[in-house]
Amino acid sequence: MCGIIGYVGEREATQVLMTGLNQLEYRGYDSAGIAVRTGGNLDVRKRAGDIETLEDAIEENAPTGSTGIGHTRWSTHGPPTDANAHPHTGEDGEVAVVHNGIIENYGSLKEELQAVGRTFTSDTDTEVIPHLIEQFIAGGASPERAFREAVDRIEGSYAVVATFANSDVVFAARNDSPLVVGVGGDGHYLASDVPAFLEFTDQVVYVDDGEVVTLHSDRFEVTTTDGLPVEKSVETVDWDVEDTGKSGFAHYMLKEIHEQPTALRQCLSGRVNELDGQVELDGLEAIGQPSQVQFVACGTSYHAALLGAQRLRDKGIPARATLASEYAVSPPPIDDSLVTGVTQSGETADTLAALREARGRGARTLAVTNVVGSTAARECDAALYIRAGPEIGVAATKTFTSQVVTLSLLAEYLDAGDADGALVRERLRALRDLPDLVQRVLDDSRAEEIADEYVGSESYFFIGRGPNRSVALEGALTFTEITYEHAEGFAAGELKHGPLALVTDETPVFTMVTGNDEAARKTVSNVKEVEARDAPVVAVTDGKTDVEDYVDDVLALPGAHPSVLPLLANTQLQLVAYHVANQLGRSIDKPRNLAKSVTVE
Ligand code: M6R
């Protein structure tokens, strides 16, 4: 995710901003920049690439001044280039802006601003903000009024911070994206995260949605968007600078598991209209209306692809998922297929090879990825972004849920002919409610207790049917990857065809049973089979069947639409894997022998 730092005070702003950007590096980024008020001008320096590249760009003649803003960008609209890096300016030299989040109505605002003669120089959604502000200033508004008017016009999620050529004040506002004020003896700070200014002050004020911050050198004010004053309390943070990147979590993986509600909101933002049952996905013109879809992917992304393929088949669109490393061995006929690579990093060699193979045979290709400008995104005919934000832990967690939700949106998008609009709206409502439901699972989970109980077992098995089979496979992969223990996922119905021979009282079996359809009822029968072999059974269930009568422990799921229950079950399994690995003292964020991005076949 992008990072923000702002400063007004007595220090050299460039030094404060660069320190802040270095502290924000852990979040992942692909470009960085600063804007410093020097006299009555704004000196903007920004570069694609790492902070060292930006440092090189300012080394010789660093901007001097004591007011400024800085940003690390993680691309969502447009690839990582100098022009797309923040801060963004208008064309009158009045204002520079940094922004985290997504401006949903940027398309219509851009058209409106272009119609009055404003020229855009980037692909970003953010650039509409400085143009809007300058448009209001040109109409006679003060910087503060212009900032407020601009914030009033934008829709979506944002933490937005602006610095002005003709005012020694920094303004900021937030909606659904974090923003925090730092209160120092030598000035005031603004950031997306405390670590950005922790070296200078540990006194913080958390900004809430719908609030506007005015930052002066010697004071700050928080008001509502209507200008009414808001009382805020200053808190002291006692974080260790070493651990700040993890925002108080012991590991990145745990932090990323807890980021899932935010990541999902970001994934859905501006894409769903559940009232008219429409899904809008930008940039997919090149894929047309394929008659079938072939997914290629590896590891966790393959499990997401299995779920995606099933969702398409449920809607009558032929779809299959193939392990990317197997694709070229016996490639399926292309016919009128859209070959879709599902890859968080966009750099996995096996997935790229499969996509190239398909392209070489005439297929249209689509990349479903988290990384704008990645090789998969560049090489495919179109790219669809999962918008999960950077994932640092090697184990894929939030990117898995965001992949599945993105593929669910793709299924709705491709199925333009679905006759039953009511069903579509119901599924879209379920996706809208999913972030809150994941939060409930995170708040109420007994996973740590379950981990305490079963850590040290001989092997761990995960079973489920249909979508819950994919969750079982994913649960076992995550568990193996970070605990170094033997774990396997099976289709529940396959147990009796072989794996049952492995089941003993030393092998806990995690079973996913959601809803009360035939698949769920048959899975309960499979539970009875393992229970009869004395295996401890943990049911991950919404309690719609009588499975609880046959198991030793339950990880409860809240009531939800059947289409999202597997993702809630997966969240429980992520937590179980994390807590078992933690008890075993494993290297959770960087498990042995594994890499985040696998760039060899
Ligand atoms: O970047 P990708 O999604 O293409 O990566 C594919 C796999 O290497 C990846 O999903 C891996 O299985 C996960 N780290 C497991 O948690």
# chains A, B, ... in the order shown; residues from 1 in each chain; ligands from 1

call {"tool": "residues_around", "arguments": {"residues": "Asp444 in chain A", "least_positions_apart": "5", "cutoff": "12 Å", "atoms": "only C-alpha atoms", "output": "PyMOL selection string"}}
result
chain A and resi 437-439+449+555-558+568+571-572+575

call {"tool": "write_last_selection", "arguments": {"atoms": "N, CA, C and O atoms", "output": "PDB file, in the first residue's frame"}}
result
ATOM      1  N   LEU A 437     -17.670  -9.561   7.566  1.00  0.00           N
ATOM      2  CA  LEU A 437     -17.743 -10.941   8.067  1.00  0.00           C
ATOM      3  C   LEU A 437     -16.341 -11.482   8.371  1.00  0.00           C
ATOM      4  O   LEU A 437     -16.129 -12.170   9.371  1.00  0.00           O
ATOM      5  N   VAL A 438     -15.377 -11.145   7.492  1.00  0.00           N
ATOM      6  CA  VAL A 438     -13.996 -11.583   7.764  1.00  0.00           C
ATOM      7  C   VAL A 438     -13.536 -10.954   9.088  1.00  0.00           C
ATOM      8  O   VAL A 438     -12.905 -11.605   9.922  1.00  0.00           O
ATOM      9  N   GLN A 439     -13.903  -9.685   9.282  1.00  0.00           N
ATOM     10  CA  GLN A 439     -13.534  -9.026  10.535  1.00  0.00           C
ATOM     11  C   GLN A 439     -14.120  -9.764  11.734  1.00  0.00           C
ATOM     12  O   GLN A 439     -13.453  -9.946  12.758  1.00  0.00           O
ATOM     13  N   GLU A 449      -6.466 -21.282  20.441  1.00  0.00           N
ATOM     14  CA  GLU A 449      -6.788 -22.377  21.368  1.00  0.00           C
ATOM     15  C   GLU A 449      -6.654 -23.732  20.676  1.00  0.00           C
ATOM     16  O   GLU A 449      -6.088 -24.682  21.215  1.00  0.00           O
ATOM     17  N   LEU A 555     -14.537 -24.582  14.884  1.00  0.00           N
ATOM     18  CA  LEU A 555     -14.164 -23.195  14.572  1.00  0.00           C
ATOM     19  C   LEU A 555     -15.388 -22.614  13.877  1.00  0.00           C
ATOM     20  O   LEU A 555     -15.702 -22.983  12.739  1.00  0.00           O
ATOM     21  N   ALA A 556     -16.077 -21.736  14.585  1.00  0.00           N
ATOM     22  CA  ALA A 556     -17.390 -21.299  14.107  1.00  0.00           C
ATOM     23  C   ALA A 556     -17.279 -20.197  13.059  1.00  0.00           C
ATOM     24  O   ALA A 556     -16.415 -19.317  13.145  1.00  0.00           O
ATOM     25  N   LEU A 557     -18.175 -20.256  12.084  1.00  0.00           N
ATOM     26  CA  LEU A 557     -18.285 -19.213  11.057  1.00  0.00           C
ATOM     27  C   LEU A 557     -19.610 -18.492  11.241  1.00  0.00           C
ATOM     28  O   LEU A 557     -20.614 -19.123  11.569  1.00  0.00           O
ATOM     29  N   PRO A 558     -19.627 -17.186  11.008  1.00  0.00           N
ATOM     30  CA  PRO A 558     -20.912 -16.481  11.089  1.00  0.00           C
ATOM     31  C   PRO A 558     -21.810 -16.882   9.929  1.00  0.00           C
ATOM     32  O   PRO A 558     -21.326 -17.354   8.904  1.00  0.00           O
ATOM     33  N   LEU A 568     -14.444 -17.436   4.503  1.00  0.00           N
ATOM     34  CA  LEU A 568     -14.424 -17.279   5.961  1.00  0.00           C
ATOM     35  C   LEU A 568     -13.736 -18.484   6.596  1.00  0.00           C
ATOM     36  O   LEU A 568     -12.954 -18.354   7.544  1.00  0.00           O
ATOM     37  N   THR A 571     -10.038 -18.098   6.357  1.00  0.00           N
ATOM     38  CA  THR A 571      -9.467 -17.190   7.349  1.00  0.00           C
ATOM     39  C   THR A 571      -9.174 -17.944   8.650  1.00  0.00           C
ATOM     40  O   THR A 571      -8.123 -17.766   9.275  1.00  0.00           O
ATOM     41  N   GLN A 572     -10.097 -18.807   9.048  1.00  0.00           N
ATOM     42  CA  GLN A 572      -9.857 -19.608  10.264  1.00  0.00           C
ATOM     43  C   GLN A 572      -8.607 -20.477  10.088  1.00  0.00           C
ATOM     44  O   GLN A 572      -7.781 -20.589  11.002  1.00  0.00           O
ATOM     45  N   LEU A 575      -5.365 -18.634  10.448  1.00  0.00           N
ATOM     46  CA  LEU A 575      -5.026 -18.347  11.850  1.00  0.00           C
ATOM     47  C   LEU A 575      -4.503 -19.596  12.561  1.00  0.00           C
ATOM     48  O   LEU A 575      -3.557 -19.525  13.353  1.00  0.00           O
TER      49      LEU A 575
END

call {"tool": "residues_near_ligand", "arguments": {"ligand": "ligand 1", "cutoff": "9 Å", "atoms": "only C-alpha atoms and all ligand atoms", "output": "PyMOL selection string"}}
result
chain A and resi 297-303+341-352+369-370+393-397+399-400+474+477-478+481-482+594-598

call {"tool": "residues_around", "arguments": {"residues": "Gly101 in chain A", "least_positions_apart": "4", "cutoff": "9 Å", "atoms": "only C-alpha atoms", "output": "list in words"}}
result
Met1, Cys2, Thr76, Thr126, Gly156, Ser157, Tyr158, Ala159, Val160, Asn175, Asp176, Ser177 and Gln266 of chain A

call {"tool": "atom_distance", "arguments": {"atom1": "CA of Val527 in chain A", "atom2": "CA of Arg440 in chain A"}}
result
26.2 Å

call {"tool": "atom_distance", "arguments": {"atom1": "CA of Ala96 in chain A", "atom2": "CA of Ser233 in chain A"}}
result
28.7 Å

call {"tool": "residues_around", "arguments": {"residues": "Ile257 in chain A", "least_positions_apart": "2", "cutoff": "9 Å", "atoms": "only C-alpha atoms", "output": "PyMOL selection string"}}
result
chain A and resi 252-255+259-261+397-398+442+571+574-575
